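Colleague: Have a peek at my_file.cif (mmCIF, C-alpha atoms and all ligand atoms).
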```
data_data
loop_
_atom_site.label_atom_id
_atom_site.label_comp_id
_atom_site.auth_asym_id
_atom_site.auth_seq_id
_atom_site.Cartn_x
_atom_site.Cartn_y
_atom_site.Cartn_z
CA MET Y 946 34.26 47.74 -72.26
CA SER Y 947 33.35 46.11 -75.49
CA ILE Y 948 33.28 42.37 -76.02
CA ASN Y 949 33.25 40.56 -79.30
CA ARG Y 950 30.86 37.79 -80.22
CA ARG Y 951 33.31 35.05 -79.28
CA GLU Y 952 33.82 36.35 -75.78
CA PHE Y 953 30.10 36.77 -75.33
CA LEU Y 954 29.43 33.16 -76.28
CA LYS Y 955 32.15 31.92 -73.95
CA MET Y 956 30.67 33.85 -71.07
CA ALA Y 957 27.16 32.69 -71.87
CA GLY Y 958 28.36 29.09 -71.95
CA ILE Y 959 30.11 29.35 -68.61
CA THR Y 960 27.14 30.99 -66.91
CA THR Y 961 24.81 28.31 -68.26
CA ILE Y 962 27.02 25.56 -66.86
CA LEU Y 963 27.26 27.36 -63.52
CA GLY Y 964 23.50 27.86 -63.54
CA ILE Y 965 22.75 24.19 -64.11
CA GLY Y 966 25.27 23.23 -61.46
CA GLY Y 967 23.68 25.72 -59.13
CA VAL Y 968 20.19 24.31 -59.61
CA SER Y 969 21.30 20.76 -58.91
CA ALA Y 970 23.16 21.94 -55.82
CA VAL Y 971 19.94 23.46 -54.52
CA GLN Y 972 18.04 20.28 -55.24
CA GLY Y 973 20.70 18.29 -53.48
CA VAL Y 974 20.08 20.30 -50.35
CA ARG Y 975 16.34 19.66 -50.52
CA ASN Y 976 16.26 16.06 -49.35
CA ARG Y 977 12.89 15.15 -50.80
CA VAL Y 978 11.02 12.03 -49.78
CA GLU Y 979 10.41 9.31 -52.36
CA ALA Y 980 7.27 7.45 -53.34
CA SER Y 981 9.16 4.22 -52.61
CA GLN Y 982 8.92 5.13 -48.93
CA ALA Y 983 5.15 4.57 -49.04
CA SER Y 984 3.66 1.12 -48.83
CA ARG Y 985 0.40 -0.64 -48.22
CA ALA Y 986 -0.42 -1.71 -44.68
CA PRO Y 987 0.12 -5.47 -44.37
CA GLU Y 988 -3.33 -5.92 -42.82
CA ALA Y 989 -5.09 -3.99 -45.63
CA LEU Y 990 -7.87 -5.77 -47.52
CA THR Y 991 -7.12 -5.82 -51.23
CA ALA Y 992 -9.05 -6.73 -54.35
CA LYS Y 993 -8.90 -6.17 -58.07
CA ARG Y 994 -12.39 -4.70 -58.07
CA TRP Y 995 -14.51 -4.30 -54.98
CA ALA Y 996 -18.22 -5.02 -55.31
CA MET Y 997 -21.28 -5.30 -53.10
CA VAL Y 998 -24.44 -7.36 -53.13
CA VAL Y 999 -27.50 -5.95 -51.36
CA ASP Y 1000 -29.75 -8.78 -50.25
CA MET Y 1001 -33.14 -7.04 -50.03
CA SER Y 1002 -34.79 -10.09 -48.47
CA LYS Y 1003 -32.79 -9.44 -45.31
CA PHE Y 1004 -34.02 -5.88 -44.87
CA LYS Y 1005 -37.19 -6.38 -42.88
CA SER Y 1006 -37.74 -3.24 -40.87
CA GLU Y 1007 -36.97 0.46 -41.05
CA GLU Y 1008 -34.35 -0.19 -38.41
CA ASP Y 1009 -32.40 -2.59 -40.63
CA TYR Y 1010 -31.82 0.21 -43.12
CA GLN Y 1011 -31.18 2.86 -40.51
CA LYS Y 1012 -28.54 0.73 -38.83
CA CYS Y 1013 -26.44 0.66 -42.00
CA ILE Y 1014 -27.04 4.31 -42.84
CA ASN Y 1015 -26.09 5.42 -39.33
CA ALA Y 1016 -22.95 3.31 -39.30
CA CYS Y 1017 -21.86 4.94 -42.55
CA HIS Y 1018 -22.84 8.50 -41.80
CA LEU Y 1019 -21.42 8.51 -38.28
CA SER Y 1020 -18.09 7.04 -39.24
CA HIS Y 1021 -17.65 9.57 -42.04
CA ASN Y 1022 -18.99 12.67 -40.30
CA VAL Y 1023 -21.77 13.05 -42.85
CA PRO Y 1024 -23.85 16.08 -41.85
CA HIS Y 1025 -27.53 15.61 -41.09
CA ILE Y 1026 -29.20 18.42 -43.01
CA THR Y 1027 -32.99 18.35 -42.94
CA ASP Y 1028 -34.07 21.95 -43.49
CA ASN Y 1029 -33.76 21.82 -47.29
CA PRO Y 1030 -34.02 18.50 -49.15
CA LYS Y 1031 -31.76 19.84 -51.89
CA HIS Y 1032 -28.98 20.40 -49.38
CA GLU Y 1033 -29.20 16.89 -47.99
CA ILE Y 1034 -25.91 14.93 -47.94
CA LYS Y 1035 -26.19 11.18 -48.44
CA TRP Y 1036 -23.65 8.47 -48.83
CA LEU Y 1037 -26.06 5.64 -48.15
CA TRP Y 1038 -29.79 6.19 -48.56
CA THR Y 1039 -33.04 4.57 -49.65
CA GLU Y 1040 -35.06 4.94 -52.81
CA THR Y 1041 -38.30 3.44 -54.14
CA TYR Y 1042 -38.27 0.72 -56.77
CA GLU Y 1043 -39.40 3.05 -59.55
CA HIS Y 1044 -36.60 5.49 -58.80
CA ALA Y 1045 -33.98 2.82 -58.33
CA PHE Y 1046 -34.84 0.76 -61.40
CA PRO Y 1047 -36.71 3.09 -63.78
CA GLY Y 1048 -38.15 1.63 -66.97
CA ASN Y 1049 -38.90 -1.56 -65.12
CA GLU Y 1050 -42.14 -0.53 -63.42
CA ASP Y 1051 -45.23 -2.64 -63.62
CA LYS Y 1052 -48.53 -1.61 -62.12
CA TYR Y 1053 -49.43 -5.24 -61.35
CA ARG Y 1054 -46.22 -5.92 -59.46
CA ALA Y 1055 -46.75 -6.94 -55.87
CA GLU Y 1056 -47.50 -4.00 -53.64
CA ARG Y 1057 -44.62 -4.70 -51.28
CA PHE Y 1058 -42.06 -4.26 -54.05
CA GLN Y 1059 -43.61 -0.97 -55.15
CA HIS Y 1060 -43.13 0.54 -51.73
CA MET Y 1061 -40.07 -1.30 -50.53
CA PRO Y 1062 -37.15 1.05 -49.88
CA PHE Y 1063 -33.99 0.00 -51.70
CA LEU Y 1064 -30.60 0.74 -50.19
CA MET Y 1065 -28.56 2.96 -52.51
CA LEU Y 1066 -24.91 3.96 -52.61
CA CYS Y 1067 -22.32 4.93 -55.18
CA ASN Y 1068 -22.00 1.99 -57.57
CA HIS Y 1069 -18.24 2.37 -58.04
CA CYS Y 1070 -18.84 1.94 -61.75
CA GLU Y 1071 -16.41 0.20 -64.05
CA ASN Y 1072 -16.73 3.09 -66.54
CA PRO Y 1073 -17.65 5.93 -64.22
CA PRO Y 1074 -19.13 8.91 -66.09
CA CYS Y 1075 -18.44 11.09 -63.04
CA VAL Y 1076 -14.71 10.51 -63.49
CA ARG Y 1077 -14.80 11.32 -67.20
CA VAL Y 1078 -16.30 14.74 -66.61
CA CYS Y 1079 -14.21 15.79 -63.62
CA PRO Y 1080 -11.93 18.60 -64.84
CA THR Y 1081 -9.42 18.32 -61.99
CA GLN Y 1082 -9.30 14.56 -61.48
CA ALA Y 1083 -10.57 15.17 -57.98
CA THR Y 1084 -12.69 12.09 -58.52
CA PHE Y 1085 -10.87 9.18 -60.07
CA LYS Y 1086 -10.97 5.43 -60.33
CA ARG Y 1087 -8.34 3.84 -58.16
CA LYS Y 1088 -6.32 1.48 -60.34
CA SER Y 1089 -5.48 -0.82 -57.49
CA ASP Y 1090 -9.01 -1.79 -56.43
CA GLY Y 1091 -11.57 -0.02 -58.61
CA ILE Y 1092 -12.87 2.29 -55.90
CA VAL Y 1093 -14.16 5.55 -57.34
CA MET Y 1094 -12.39 7.90 -54.96
CA MET Y 1095 -12.72 11.55 -54.05
CA ASP Y 1096 -9.68 13.75 -53.48
CA MET Y 1097 -11.37 16.54 -51.55
CA HIS Y 1098 -8.25 18.69 -51.81
CA ARG Y 1099 -8.77 18.98 -55.54
CA CYS Y 1100 -12.53 19.36 -55.77
CA ILE Y 1101 -13.44 22.79 -57.11
CA GLY Y 1102 -17.17 22.29 -56.67
CA CYS Y 1103 -18.11 22.51 -60.35
CA ARG Y 1104 -20.67 19.70 -59.86
CA PHE Y 1105 -20.06 18.19 -63.32
CA CYS Y 1106 -19.81 14.80 -61.61
CA MET Y 1107 -23.28 15.24 -60.12
CA ALA Y 1108 -24.65 15.94 -63.57
CA GLY Y 1109 -22.66 13.02 -64.95
CA CYS Y 1110 -23.69 10.42 -62.39
CA PRO Y 1111 -26.88 8.67 -63.55
CA TYR Y 1112 -27.55 7.32 -60.06
CA GLY Y 1113 -27.74 10.46 -57.94
CA ALA Y 1114 -24.94 9.15 -55.80
CA ARG Y 1115 -23.31 12.52 -55.18
CA SER Y 1116 -24.16 15.34 -52.81
CA PHE Y 1117 -22.95 18.91 -52.87
CA ASN Y 1118 -22.10 20.91 -49.77
CA TYR Y 1119 -24.11 24.05 -50.36
CA LYS Y 1120 -23.17 25.22 -46.90
CA ASP Y 1121 -20.59 24.54 -44.24
CA PRO Y 1122 -21.43 21.01 -43.08
CA ARG Y 1123 -19.81 21.31 -39.67
CA PRO Y 1124 -22.75 22.82 -37.77
CA TYR Y 1125 -24.84 19.85 -38.93
CA ILE Y 1126 -22.55 17.22 -37.44
CA ASP Y 1127 -23.41 16.17 -33.91
CA GLY Y 1128 -20.26 17.12 -31.99
CA SER Y 1129 -20.73 14.36 -29.43
CA LYS Y 1130 -20.87 11.67 -32.11
CA GLU Y 1131 -18.18 13.11 -34.37
CA ASN Y 1132 -15.57 10.61 -35.57
CA LEU Y 1133 -12.33 12.32 -34.63
CA GLU Y 1134 -10.33 9.96 -36.83
CA PHE Y 1135 -12.00 11.05 -40.08
CA PRO Y 1136 -12.16 14.52 -41.62
CA THR Y 1137 -15.31 16.46 -42.37
CA ARG Y 1138 -15.88 18.26 -45.66
CA MET Y 1139 -16.10 21.98 -46.31
CA LYS Y 1140 -18.54 24.19 -48.12
CA GLY Y 1141 -18.31 23.85 -51.90
CA VAL Y 1142 -17.18 20.26 -52.40
CA VAL Y 1143 -18.99 17.16 -53.65
CA GLU Y 1144 -19.00 14.02 -51.57
CA LYS Y 1145 -20.18 10.43 -51.80
CA CYS Y 1146 -19.50 6.90 -50.61
CA THR Y 1147 -15.83 5.94 -50.89
CA LEU Y 1148 -16.40 2.28 -50.03
CA CYS Y 1149 -14.67 2.88 -46.69
CA TYR Y 1150 -11.19 3.03 -48.22
CA GLU Y 1151 -9.91 4.09 -44.79
CA ARG Y 1152 -11.32 0.97 -43.14
CA LEU Y 1153 -10.13 -1.36 -45.92
CA ALA Y 1154 -6.62 0.00 -45.36
CA LYS Y 1155 -6.89 -1.16 -41.75
CA GLY Y 1156 -8.18 -4.58 -42.71
CA LEU Y 1157 -11.81 -3.83 -41.83
CA GLN Y 1158 -14.95 -4.37 -43.90
CA PRO Y 1159 -16.96 -1.28 -44.85
CA ALA Y 1160 -18.95 0.10 -41.91
CA CYS Y 1161 -22.37 -0.67 -43.44
CA VAL Y 1162 -21.38 -4.24 -44.26
CA GLU Y 1163 -20.12 -4.81 -40.75
CA VAL Y 1164 -23.44 -3.93 -39.09
CA SER Y 1165 -25.72 -5.43 -41.76
CA ASN Y 1166 -25.93 -9.00 -40.37
CA GLY Y 1167 -25.18 -10.47 -43.75
CA ALA Y 1168 -27.63 -8.33 -45.70
CA LEU Y 1169 -24.73 -6.63 -47.45
CA ILE Y 1170 -22.13 -8.89 -49.00
CA PHE Y 1171 -18.78 -7.41 -49.91
CA GLY Y 1172 -15.90 -8.85 -51.89
CA ASP Y 1173 -13.72 -8.97 -54.97
CA LEU Y 1174 -15.68 -9.22 -58.20
CA GLU Y 1175 -12.68 -10.61 -60.04
CA ASP Y 1176 -11.93 -13.34 -57.54
CA PRO Y 1177 -14.10 -16.40 -58.37
CA ASN Y 1178 -13.90 -17.55 -54.75
CA SER Y 1179 -14.98 -14.30 -53.15
CA ALA Y 1180 -18.15 -13.97 -51.10
CA VAL Y 1181 -19.65 -11.71 -53.73
CA ARG Y 1182 -18.99 -14.09 -56.60
CA LYS Y 1183 -20.46 -16.99 -54.64
CA VAL Y 1184 -23.73 -15.13 -54.18
CA LEU Y 1185 -23.77 -13.96 -57.78
CA SER Y 1186 -23.34 -17.50 -59.05
CA GLU Y 1187 -26.23 -18.79 -56.95
CA ARG Y 1188 -28.85 -16.05 -56.78
CA PHE Y 1189 -30.65 -13.93 -59.35
CA THR Y 1190 -29.45 -10.35 -59.09
CA ILE Y 1191 -30.14 -7.08 -60.87
CA ARG Y 1192 -28.19 -3.88 -61.20
CA ARG Y 1193 -29.28 -0.28 -61.60
CA LYS Y 1194 -29.61 0.99 -65.21
CA PRO Y 1195 -27.36 -1.66 -66.81
CA GLU Y 1196 -28.32 -0.33 -70.26
CA LEU Y 1197 -26.06 2.70 -69.66
CA GLY Y 1198 -22.95 0.57 -69.80
CA THR Y 1199 -21.47 2.09 -66.67
CA GLY Y 1200 -20.75 -1.36 -65.29
CA THR Y 1201 -22.00 -0.83 -61.76
CA SER Y 1202 -20.46 -2.89 -58.97
CA VAL Y 1203 -23.52 -2.97 -56.69
CA TYR Y 1204 -25.93 -5.87 -57.18
CA TYR Y 1205 -29.42 -6.35 -55.75
CA ILE Y 1206 -31.15 -9.57 -54.73
CA ILE Y 1207 -34.87 -8.77 -54.69
CA MET H 1459 10.45 78.29 -48.29
CA TYR H 1460 7.01 78.70 -49.81
CA ASN H 1461 4.06 77.16 -47.99
CA ALA H 1462 6.31 75.98 -45.17
CA GLY H 1463 3.38 75.44 -42.80
CA LYS H 1464 1.46 73.21 -45.21
CA ILE H 1465 4.53 71.22 -46.14
CA ILE H 1466 5.51 70.60 -42.55
CA ILE H 1467 1.99 69.51 -41.61
CA GLY H 1468 1.99 67.30 -44.70
CA ILE H 1469 5.26 65.71 -43.68
CA ILE H 1470 3.99 65.09 -40.16
CA ILE H 1471 0.83 63.45 -41.46
CA PHE H 1472 2.88 61.36 -43.91
CA VAL H 1473 5.32 60.19 -41.26
CA GLY H 1474 2.42 59.43 -38.96
CA LEU H 1475 0.68 57.29 -41.58
CA VAL H 1476 3.82 55.40 -42.51
CA THR H 1477 4.84 54.61 -38.95
CA PHE H 1478 1.31 53.92 -37.72
CA PRO H 1479 1.40 50.16 -38.34
CA PHE H 1480 4.66 49.81 -36.44
CA ILE H 1481 3.57 51.95 -33.52
CA PHE H 1482 0.13 50.33 -33.41
CA ALA H 1483 1.57 46.83 -33.34
CA GLY H 1484 3.86 47.96 -30.53
CA GLY H 1485 6.64 45.70 -31.72
CA LYS H 1486 4.47 42.65 -31.06
CA ALA H 1487 4.25 41.63 -34.69
CA THR H 1488 7.97 41.21 -34.86
CA ALA H 1489 8.10 38.88 -31.88
CA LYS H 1490 9.66 35.67 -33.10
CA PRO H 1491 7.34 32.67 -33.31
CA ASP H 1492 8.05 30.09 -30.67
CA PRO H 1493 6.32 26.82 -31.54
CA LYS H 1494 5.97 24.51 -28.57
CA ILE H 1495 6.51 20.76 -28.57
CA ASP H 1496 5.76 20.21 -24.90
CA THR H 1497 2.47 18.33 -25.26
CA PRO H 1498 1.70 15.56 -22.75
CA GLU H 1499 1.86 13.02 -25.59
CA ILE H 1500 5.39 14.04 -26.52
CA LEU H 1501 6.59 14.36 -22.92
CA LYS H 1502 5.32 10.85 -22.22
CA MET H 1503 7.81 9.39 -24.70
CA PRO H 1504 11.22 8.36 -23.45
CA GLU H 1505 13.78 11.06 -24.22
CA ASN H 1506 15.62 9.08 -26.91
CA GLU H 1507 12.44 8.27 -28.84
CA ARG H 1508 11.24 11.85 -28.94
CA LYS H 1509 11.63 12.22 -32.69
CA CYS H 1510 9.29 13.34 -35.42
CA VAL H 1511 8.84 11.23 -38.57
CA GLU H 1512 11.92 12.89 -40.08
CA SER H 1513 14.68 15.09 -38.66
CA LYS H 1514 13.78 18.42 -37.13
CA SER H 1515 15.55 20.45 -39.81
CA PHE H 1516 13.81 18.48 -42.55
CA MET H 1517 10.42 18.90 -40.95
CA LYS H 1518 10.94 22.61 -40.45
CA LYS H 1519 11.71 23.13 -44.09
CA GLU H 1520 9.74 20.45 -45.86
CA HIS H 1521 6.70 19.52 -43.77
CA MET H 1522 4.34 21.01 -46.32
CA GLN H 1523 5.92 18.99 -49.11
CA LEU H 1524 5.86 15.86 -46.96
CA LEU H 1525 2.17 16.37 -46.22
CA ASN H 1526 1.44 16.86 -49.91
CA ASP H 1527 3.21 13.62 -50.74
CA TRP H 1528 1.47 11.79 -47.91
CA ARG H 1529 -1.91 12.99 -49.15
CA ASP H 1530 -1.29 11.78 -52.69
CA TRP H 1531 0.08 8.43 -51.60
CA VAL H 1532 -2.83 7.73 -49.29
CA VAL H 1533 -5.72 9.12 -51.29
CA ARG H 1534 -4.56 8.35 -54.80
CA ASP H 1535 -2.39 5.23 -54.41
CA GLY H 1536 -3.97 3.68 -51.32
CA ASN H 1537 -0.60 3.36 -49.59
CA THR H 1538 -0.90 4.27 -45.94
CA ILE H 1539 2.44 3.32 -44.39
CA TYR H 1540 5.46 5.62 -44.50
CA THR H 1541 8.99 4.36 -43.89
CA ASN H 1542 11.34 7.13 -42.76
CA ALA H 1543 15.07 7.53 -43.28
CA GLU H 1544 15.74 5.42 -40.19
CA GLY H 1545 13.46 2.61 -41.33
CA LYS H 1546 10.72 3.37 -38.80
CA THR H 1547 7.15 3.13 -40.08
CA PHE H 1548 4.25 5.51 -39.57
CA ASN H 1549 0.62 5.65 -40.57
CA MET H 1550 0.37 8.58 -42.98
CA SER H 1551 -2.33 10.76 -41.49
CA LEU H 1552 -2.37 14.40 -40.50
CA GLN H 1553 -5.29 13.94 -38.18
CA ASN H 1554 -4.33 10.57 -36.69
CA THR H 1555 -0.53 10.69 -36.67
CA CYS H 1556 0.81 14.26 -36.70
CA MET H 1557 -1.83 15.74 -34.44
CA LYS H 1558 -1.78 12.84 -31.97
CA CYS H 1559 1.63 14.08 -30.80
CA HIS H 1560 1.23 17.71 -31.75
CA SER H 1561 -2.05 18.08 -29.92
CA ASN H 1562 -1.35 21.78 -29.47
CA LYS H 1563 -2.30 23.14 -32.87
CA LYS H 1564 -2.47 26.72 -31.61
CA LYS H 1565 1.03 26.74 -30.17
CA PHE H 1566 2.52 24.45 -32.80
CA CYS H 1567 0.95 25.10 -36.22
CA ASP H 1568 -0.62 28.51 -35.82
CA GLU H 1569 2.39 30.05 -34.13
CA CYS H 1570 4.52 30.14 -37.30
CA HIS H 1571 1.69 30.18 -39.81
CA ASN H 1572 0.32 33.37 -38.29
CA TYR H 1573 3.77 34.92 -38.17
CA THR H 1574 4.42 34.22 -41.83
CA ALA H 1575 0.81 34.99 -42.75
CA VAL H 1576 0.19 31.67 -44.45
CA LYS H 1577 -3.28 30.21 -44.16
CA PRO H 1578 -3.20 26.50 -44.91
CA TYR H 1579 -6.73 25.15 -45.41
CA CYS H 1580 -6.07 21.88 -43.56
CA TRP H 1581 -8.56 22.61 -40.79
CA ASP H 1582 -11.49 23.36 -43.06
CA CYS H 1583 -11.92 19.60 -43.22
CA HIS H 1584 -9.45 17.89 -40.91
CA ILE H 1585 -10.63 18.01 -37.34
CA ALA H 1586 -8.13 19.89 -35.18
CA PRO H 1587 -7.32 18.42 -31.78
CA LYS H 1588 -9.66 19.67 -29.08
CA GLU H 1589 -7.71 22.22 -27.08
CA LYS H 1590 -8.71 24.03 -23.93
CA GLU H 1591 -9.20 27.74 -24.57
CA SER H 1592 -6.32 29.51 -22.92
S1 LIG Y 1601 -22.52 5.64 -59.19
FE1 LIG Y 1601 -22.27 7.74 -59.89
S2 LIG Y 1601 -20.72 8.59 -58.52
FE2 LIG Y 1601 -20.60 6.37 -58.30
S3 LIG Y 1601 -19.01 5.77 -59.79
FE3 LIG Y 1601 -20.99 5.55 -60.85
S4 LIG Y 1601 -21.23 7.52 -61.87
FE4 LIG Y 1601 -19.63 7.85 -60.33
#
```
Please, can you express the file's structure as structure tokens?
Ligand code: SF4
Modeller:
Amino acid sequence: MSINRREFLKMAGITTILGIGGVSAVQGVRNRVEASQASRAPEALTAKRWAMVVDMSKFKSEEDYQKCINACHLSHNVPHITDNPKHEIKWLWTETYEHAFPGNEDKYRAERFQHMPFLMLCNHCENPPCVRVCPTQATFKRKSDGIVMMDMHRCIGCRFCMAGCPYGARSFNYKDPRPYIDGSKENLEFPTRMKGVVEKCTLCYERLAKGLQPACVEVSNGALIFGDLEDPNSAVRKVLSERFTIRRKPELGTGTSVYYII
Amino acid sequence: MYNAGKIIIGIIIFVGLVTFPFIFAGGKATAKPDPKIDTPEILKMPENERKCVESKSFMKKEHMQLLNDWRDWVVRDGNTIYTNAEGKTFNMSLQNTCMKCHSNKKKFCDECHNYTAVKPYCWDCHIAPKEKES
């Protein structure tokens, strides 16, 4: 059988139409769910930009720090790895003054400040360098509340974010973290991580969604103050307007959201 | 026929190799998966409320897509509540919603996933319900 050009074009046209119709029929069968079906929990705490103030004057003993660190690490199944300091995973940890605020050392500064441990966490920066370097957008700044989030499903473990973060806020899982989580204290409502992903503080996004303050803030007895930086009436803004506070490495222009009262 | 002996032995070895997987599996591999939904949590619900977040046929076909969407909405958008076709609301969470009812991961998830040889990486991070070894 031989067909001329005209017949060929006719046939091609008809098959194209049938093809398009066919595709939409298939899609019609797949009753997909819509983003409009998802909504925020009514009890969720919301803010334009979450921030925290660490009132160092309220941290008096080793136990005051440990209380906050434990609350955080237990509620997020953070493994306790001690055999190699490089493999350590920390969401909330302590650092000396010279490491926390480098370039600001003074050998005549009162002894107690030189040795005082400062509570550290991810600063949830306004311009987070970690987010700029992430090739998969596994770490991203949440538009709704400024939390620098981690999508563990997307992390490919390249560790660019760790190199990018000037505050050492990120830890890499060099090995399977599960054996290092105490099974009896495991939080069954929160996932663990797996080998090969980077993790850090997520400002308790899962607790905020339930209307709860971050775990560390809750147990801190007022030493950690949490609130919306863009709301002039928030707890954080009240403290900031009354007390002298400093931030870590402000000269970098990252716009950190964690403030310290010394 | 030239080399009849060698050829026949060859054929026998060939047939043996080809059928080995079937004989070895003893027909077990072809047993149809039979996921169970008889967990105490589900049985506790009154009969007329025993429904998943969406219809059974939808869940069978699209649960992976639904979970993907749930993940993005929760992690990326901070939305945690899902409203289904009937207007009922659910907390979007694999670990805290799905697995609270389907507390039998081995007989529910693994049953079909093993059959179809798919290995979802959910449980590398999400904590599977604690099941008694059976
Ligand atoms: S402190 Fe580090 S990890 Fe946290 S947002 Fe800033 S750059 Fe990223």
Colleague: Dump the neighbourhood of ligand LIG 1601 (chain Y) as a list of chain:residue names: all residues within 6 Å, distances computed on only C-alpha atoms and all ligand atoms.
Modeller: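 Listed by chain and ascending number, the contacts are Y:Cys1067, Y:Asn1068, Y:His1069, Y:Cys1070, Y:Pro1073, Y:Pro1074, Y:Cys1075, Y:Val1093, Y:Cys1110, Y:Pro1111, Y:Tyr1112, Y:Ala1114, Y:Arg1115.
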Colleague: Just the residues within 9 Å of segment 988-998 of chain Y, please, counting all atoms listed in the file, with nothing from its chain fewer than 2 positions along; format it as a short mmCIF file (atom, residue, chain, number, x, y, z; two decimals) with C-alpha atoms, in the frame of the given file.
Modeller:
```
data_model
loop_
_atom_site.label_atom_id
_atom_site.label_comp_id
_atom_site.auth_asym_id
_atom_site.auth_seq_id
_atom_site.Cartn_x
_atom_site.Cartn_y
_atom_site.Cartn_z
CA ARG Y 985 0.40 -0.64 -48.22
CA ALA Y 986 -0.42 -1.71 -44.68
CA ASP Y 1000 -29.75 -8.78 -50.25
CA ASN Y 1068 -22.00 1.99 -57.57
CA HIS Y 1069 -18.24 2.37 -58.04
CA GLU Y 1071 -16.41 0.20 -64.05
CA LYS Y 1088 -6.32 1.48 -60.34
CA SER Y 1089 -5.48 -0.82 -57.49
CA ASP Y 1090 -9.01 -1.79 -56.43
CA GLY Y 1091 -11.57 -0.02 -58.61
CA ILE Y 1092 -12.87 2.29 -55.90
CA LEU Y 1148 -16.40 2.28 -50.03
CA ARG Y 1152 -11.32 0.97 -43.14
CA LEU Y 1153 -10.13 -1.36 -45.92
CA ALA Y 1154 -6.62 0.00 -45.36
CA LYS Y 1155 -6.89 -1.16 -41.75
CA GLY Y 1156 -8.18 -4.58 -42.71
CA LEU Y 1157 -11.81 -3.83 -41.83
CA GLN Y 1158 -14.95 -4.37 -43.90
CA VAL Y 1162 -21.38 -4.24 -44.26
CA ALA Y 1168 -27.63 -8.33 -45.70
CA LEU Y 1169 -24.73 -6.63 -47.45
CA ILE Y 1170 -22.13 -8.89 -49.00
CA PHE Y 1171 -18.78 -7.41 -49.91
CA GLY Y 1172 -15.90 -8.85 -51.89
CA ASP Y 1173 -13.72 -8.97 -54.97
CA LEU Y 1174 -15.68 -9.22 -58.20
CA GLU Y 1175 -12.68 -10.61 -60.04
CA ASP Y 1176 -11.93 -13.34 -57.54
CA VAL Y 1181 -19.65 -11.71 -53.73
CA VAL Y 1184 -23.73 -15.13 -54.18
CA LEU Y 1185 -23.77 -13.96 -57.78
CA THR Y 1190 -29.45 -10.35 -59.09
CA THR Y 1201 -22.00 -0.83 -61.76
CA SER Y 1202 -20.46 -2.89 -58.97
CA VAL Y 1203 -23.52 -2.97 -56.69
CA TYR Y 1204 -25.93 -5.87 -57.18
CA TYR Y 1205 -29.42 -6.35 -55.75
CA ILE Y 1206 -31.15 -9.57 -54.73
#
```
Colleague: Taking all atoms listed in the file into account, report as number ranges by chain which residues of chain Y lie within 8 Å of chain H.
Modeller: Y: 976-978, 980, 982-986, 1087, 1089, 1094-1096, 1133-1139, 1150, 1154
Colleague: To one decimal place, how far is atom CA of Lys1565 of chain H from atom CA of Ile1500 of chain H in Å?
Modeller: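 Here the two named atoms are 13.9 Å from each other.
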Colleague: Between atom CA of Lys1494 of chain H and atom CA of Lys1546 of chain H, what distance in Å does the model show, to one decimal?
Modeller: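 Computed distance, atom CA of Lys1494 of chain H to atom CA of Lys1546 of chain H, equals 24.0 Å.
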Colleague: Find the residues around Ser1116 of chain Y up to 12 Å (only C-alpha atoms counted), leave out those fewer than 6 positions away in its own chain, and share them as a PyMOL selection string.
Modeller: chain Y and resi 1023-1024+1026+1030-1038+1066-1067+1102+1104-1108+1110+1122+1138+1140-1146
Colleague: Any chance you can output those residues with C-alpha atoms as a PDB file, in the frame of the given file?
Modeller:
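Heads up, here's the output in selection_24.pdb:
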```pdb
ATOM      1  CA  VAL Y1023     -21.770  13.050 -42.850  1.00  0.00           C
ATOM      2  CA  PRO Y1024     -23.850  16.080 -41.850  1.00  0.00           C
ATOM      3  CA  ILE Y1026     -29.200  18.420 -43.010  1.00  0.00           C
ATOM      4  CA  PRO Y1030     -34.020  18.500 -49.150  1.00  0.00           C
ATOM      5  CA  LYS Y1031     -31.760  19.840 -51.890  1.00  0.00           C
ATOM      6  CA  HIS Y1032     -28.980  20.400 -49.380  1.00  0.00           C
ATOM      7  CA  GLU Y1033     -29.200  16.890 -47.990  1.00  0.00           C
ATOM      8  CA  ILE Y1034     -25.910  14.930 -47.940  1.00  0.00           C
ATOM      9  CA  LYS Y1035     -26.190  11.180 -48.440  1.00  0.00           C
ATOM     10  CA  TRP Y1036     -23.650   8.470 -48.830  1.00  0.00           C
ATOM     11  CA  LEU Y1037     -26.060   5.640 -48.150  1.00  0.00           C
ATOM     12  CA  TRP Y1038     -29.790   6.190 -48.560  1.00  0.00           C
ATOM     13  CA  LEU Y1066     -24.910   3.960 -52.610  1.00  0.00           C
ATOM     14  CA  CYS Y1067     -22.320   4.930 -55.180  1.00  0.00           C
ATOM     15  CA  GLY Y1102     -17.170  22.290 -56.670  1.00  0.00           C
ATOM     16  CA  ARG Y1104     -20.670  19.700 -59.860  1.00  0.00           C
ATOM     17  CA  PHE Y1105     -20.060  18.190 -63.320  1.00  0.00           C
ATOM     18  CA  CYS Y1106     -19.810  14.800 -61.610  1.00  0.00           C
ATOM     19  CA  MET Y1107     -23.280  15.240 -60.120  1.00  0.00           C
ATOM     20  CA  ALA Y1108     -24.650  15.940 -63.570  1.00  0.00           C
ATOM     21  CA  CYS Y1110     -23.690  10.420 -62.390  1.00  0.00           C
ATOM     22  CA  PRO Y1122     -21.430  21.010 -43.080  1.00  0.00           C
ATOM     23  CA  ARG Y1138     -15.880  18.260 -45.660  1.00  0.00           C
ATOM     24  CA  LYS Y1140     -18.540  24.190 -48.120  1.00  0.00           C
ATOM     25  CA  GLY Y1141     -18.310  23.850 -51.900  1.00  0.00           C
ATOM     26  CA  VAL Y1142     -17.180  20.260 -52.400  1.00  0.00           C
ATOM     27  CA  VAL Y1143     -18.990  17.160 -53.650  1.00  0.00           C
ATOM     28  CA  GLU Y1144     -19.000  14.020 -51.570  1.00  0.00           C
ATOM     29  CA  LYS Y1145     -20.180  10.430 -51.800  1.00  0.00           C
ATOM     30  CA  CYS Y1146     -19.500   6.900 -50.610  1.00  0.00           C
TER      31      CYS Y1146
END
```
